[in-house]
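The structure appears right after this line, and notes come after that.
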Amino acid sequence: MENGLCPGAERGSEFVVDPGSLQDPSKRRFLNAAGMLMAGLMLPRARAAQGPGVPAGSGHKVVVVVVGGVRRDETFSPDGAVNIPHLSTDLLPQSLFYRHARNEGVTAHFNAISSILTGTWQRVDDWGKLAPTSPTLFEQFRKGLHVDRSDTWVVASNKALTSLIGASSDTNFGPAYGANVVFPKQLMLMAVVEALRQGRTANMADRSKVEVELESAMEGSNYEGLGWNVFDGSDQLDPRVRGTIQNAIASFVQSGGPTSGDELTFFMTREIMRKFTPQLLVVAFSDVEAAHFGSYALHTSGIKTADRLTFQMWQEIEANPDYRGKTTMVVLPEFGRDPDGSSTNGFFNHRANSESTRDTWMMALGAGVDKPQTIERPIRHIDLCPTLASLLGCPPLDAQGRRLEEIRG
Ligand SMILES: [Zn+2]
């Protein structure tokens, strides 16, 4: 199979990476607006009136940023530092940095993130057709502490994920205790597909009609149809955001050009933080997976985008009074990528059983970090879930992973 273990990489390239998006304020306004539009769509009106509830458990908030496959060579290495100026310069000095965080399981997207979120190596379907078999952190948190679904979210650019990432098949837990899962990029792609299907391609070619198509896709489709799993409630757009987004989209349509999926994911995430203030939030960036197209320049551009957006996530945490001082943010890649000269085409893929593919890093920031330091002792991806469960105040569960003593509330 052409794209190996990255089933999402073969389509949607128009939304993968846009190195120029930062410089074009109209595109950023559009993506910001689209994020607001979608978050507004998901906001049940009753909850909007009530505001956030009382935090459950320890009151500690957790934000996990998972980046797709990136090698040490392109990140935390003398040659790679240029791709991660924010991580290596702005964040590293205040972080707890694990130099070796190992993926010892399946180096495919769904299994990798499932392992991180369950604390047990998962070997389910690479394409996300089967849920993880062990309870996710979301389920542990929600069932253990009677937490509302609106306190647990996954926002992902990664098309190799599905809504099944939000809950396991464990009969003692399962979807009743799962997270909200949203794929902002998928929503934009759906708007295009819907327009094609209905013979309105001229509308998509004429960018002045993008706004109409995007809104039509959102208002005409229920969440399940979009592959989302969000609440049970209203499918009406919150009218308070409509004017703002229409203005921003009107600006965008003058500019044209592709947009970055991760950028949209970031804006969507920020809106969710501002509207729902979830206690447990997982963000998956995947512009780096442009590597599957064989473009090293697009891959490193994706790394730079993830670096910048991760820093912006931290800035949002620091600026938002609902998060500042009580949040731990953790950043880690899903895995590395194959070594140069390998039979699997080097950076294109992440299939090799090699150190380049398995040995990555992990950074923790914020309330769960006593003092900035670098830990040389190797840790495993499955150690993160029990660590975060403890931070959140969840009752302990059996898992393969072991709690990391350096991260504590
Ligand atoms: Zn991939």
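Letters for chains follow the order of the structure tokens (A, B, ...), residue numbers begin at 1 for each chain, and ligand numbers begin at 1 in the order shown.
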Shell of 7 Å around region 371-388 of chain A, only C-alpha atoms, local chain residues under 5 positions omitted, as a list in words
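Contacts, in chain order: Pro93, Gln94, Ser95, Leu96, Phe97, Tyr98, Arg99, His100, Ala101, Arg102, Asn103, Ser115, Ile116, Leu117, Thr118, Gly119, Thr120, Trp121, Leu137, Gln400, Gly401, Arg402, Arg403, Leu404 and Ile407 of chain A.
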Please write the residues from the selection above to a file, keeping C-alpha atoms, as a PDB file, in the first residue's frame.
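The resulting file, selection.pdb, is reproduced below:
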```pdb
ATOM      1  CA  PRO A  93      14.548  26.435  29.549  1.00  0.00           C
ATOM      2  CA  GLN A  94      11.295  26.303  31.547  1.00  0.00           C
ATOM      3  CA  SER A  95      10.475  22.669  30.828  1.00  0.00           C
ATOM      4  CA  LEU A  96      10.942  19.210  32.160  1.00  0.00           C
ATOM      5  CA  PHE A  97      12.500  17.587  29.128  1.00  0.00           C
ATOM      6  CA  TYR A  98      12.750  13.846  28.636  1.00  0.00           C
ATOM      7  CA  ARG A  99      15.431  13.408  26.025  1.00  0.00           C
ATOM      8  CA  HIS A 100      14.359   9.832  25.232  1.00  0.00           C
ATOM      9  CA  ALA A 101      10.633   9.049  25.050  1.00  0.00           C
ATOM     10  CA  ARG A 102      10.210   5.743  23.317  1.00  0.00           C
ATOM     11  CA  ASN A 103       7.477   4.315  21.141  1.00  0.00           C
ATOM     12  CA  SER A 115      -1.049   3.843  23.348  1.00  0.00           C
ATOM     13  CA  ILE A 116      -0.235   7.323  24.615  1.00  0.00           C
ATOM     14  CA  LEU A 117      -3.840   7.842  25.727  1.00  0.00           C
ATOM     15  CA  THR A 118      -4.361   4.446  27.372  1.00  0.00           C
ATOM     16  CA  GLY A 119      -0.997   3.700  28.977  1.00  0.00           C
ATOM     17  CA  THR A 120      -0.971   0.276  27.335  1.00  0.00           C
ATOM     18  CA  TRP A 121       0.535  -0.586  23.959  1.00  0.00           C
ATOM     19  CA  LEU A 137      -7.480   8.748  29.941  1.00  0.00           C
ATOM     20  CA  GLN A 400       1.491  -1.274  31.342  1.00  0.00           C
ATOM     21  CA  GLY A 401       2.881   2.214  31.833  1.00  0.00           C
ATOM     22  CA  ARG A 402       4.349   3.550  35.069  1.00  0.00           C
ATOM     23  CA  ARG A 403       3.858   6.992  36.527  1.00  0.00           C
ATOM     24  CA  LEU A 404       6.663   9.491  35.945  1.00  0.00           C
ATOM     25  CA  ILE A 407       5.526  15.196  36.975  1.00  0.00           C
TER      26      ILE A 407
END
```
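Relative to CA of Leu87 (chain A), CA of Asp359 (chain A) is found at 17.8 Å.
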Extract the full set of helix (DSSP H, G or I) residues from region 150-182 of chain A according to DSSP on the backbone, and format it as a PyMOL selection string.
chain A and resi 150-151+163-166+175-177
Go ahead and write the selection's residues with C-alpha atoms as a tab-separated table (two decimals), in the first residue's frame.
```tsv
chain	number	residue	atom	x	y	z
A	150	SER	CA	-17.54	18.82	27.66
A	151	ASP	CA	-14.45	18.66	29.91
A	163	SER	CA	-13.72	9.43	16.41
A	164	LEU	CA	-12.91	6.02	17.96
A	165	ILE	CA	-9.81	7.60	19.48
A	166	GLY	CA	-12.11	9.12	22.12
A	175	PRO	CA	-18.24	5.63	24.57
A	176	ALA	CA	-20.53	6.69	27.42
A	177	TYR	CA	-17.37	8.01	29.08
```
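Across the structure, CA of Lys326 (chain A) and CA of Lys61 (chain A) are spaced 6.1 Å apart.
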Per-residue DSSP, region 53-208 of chain A, filtered to strand (DSSP E or B), as a PyMOL selection string:
chain A and resi 61-69+96-102+152-156+180-182
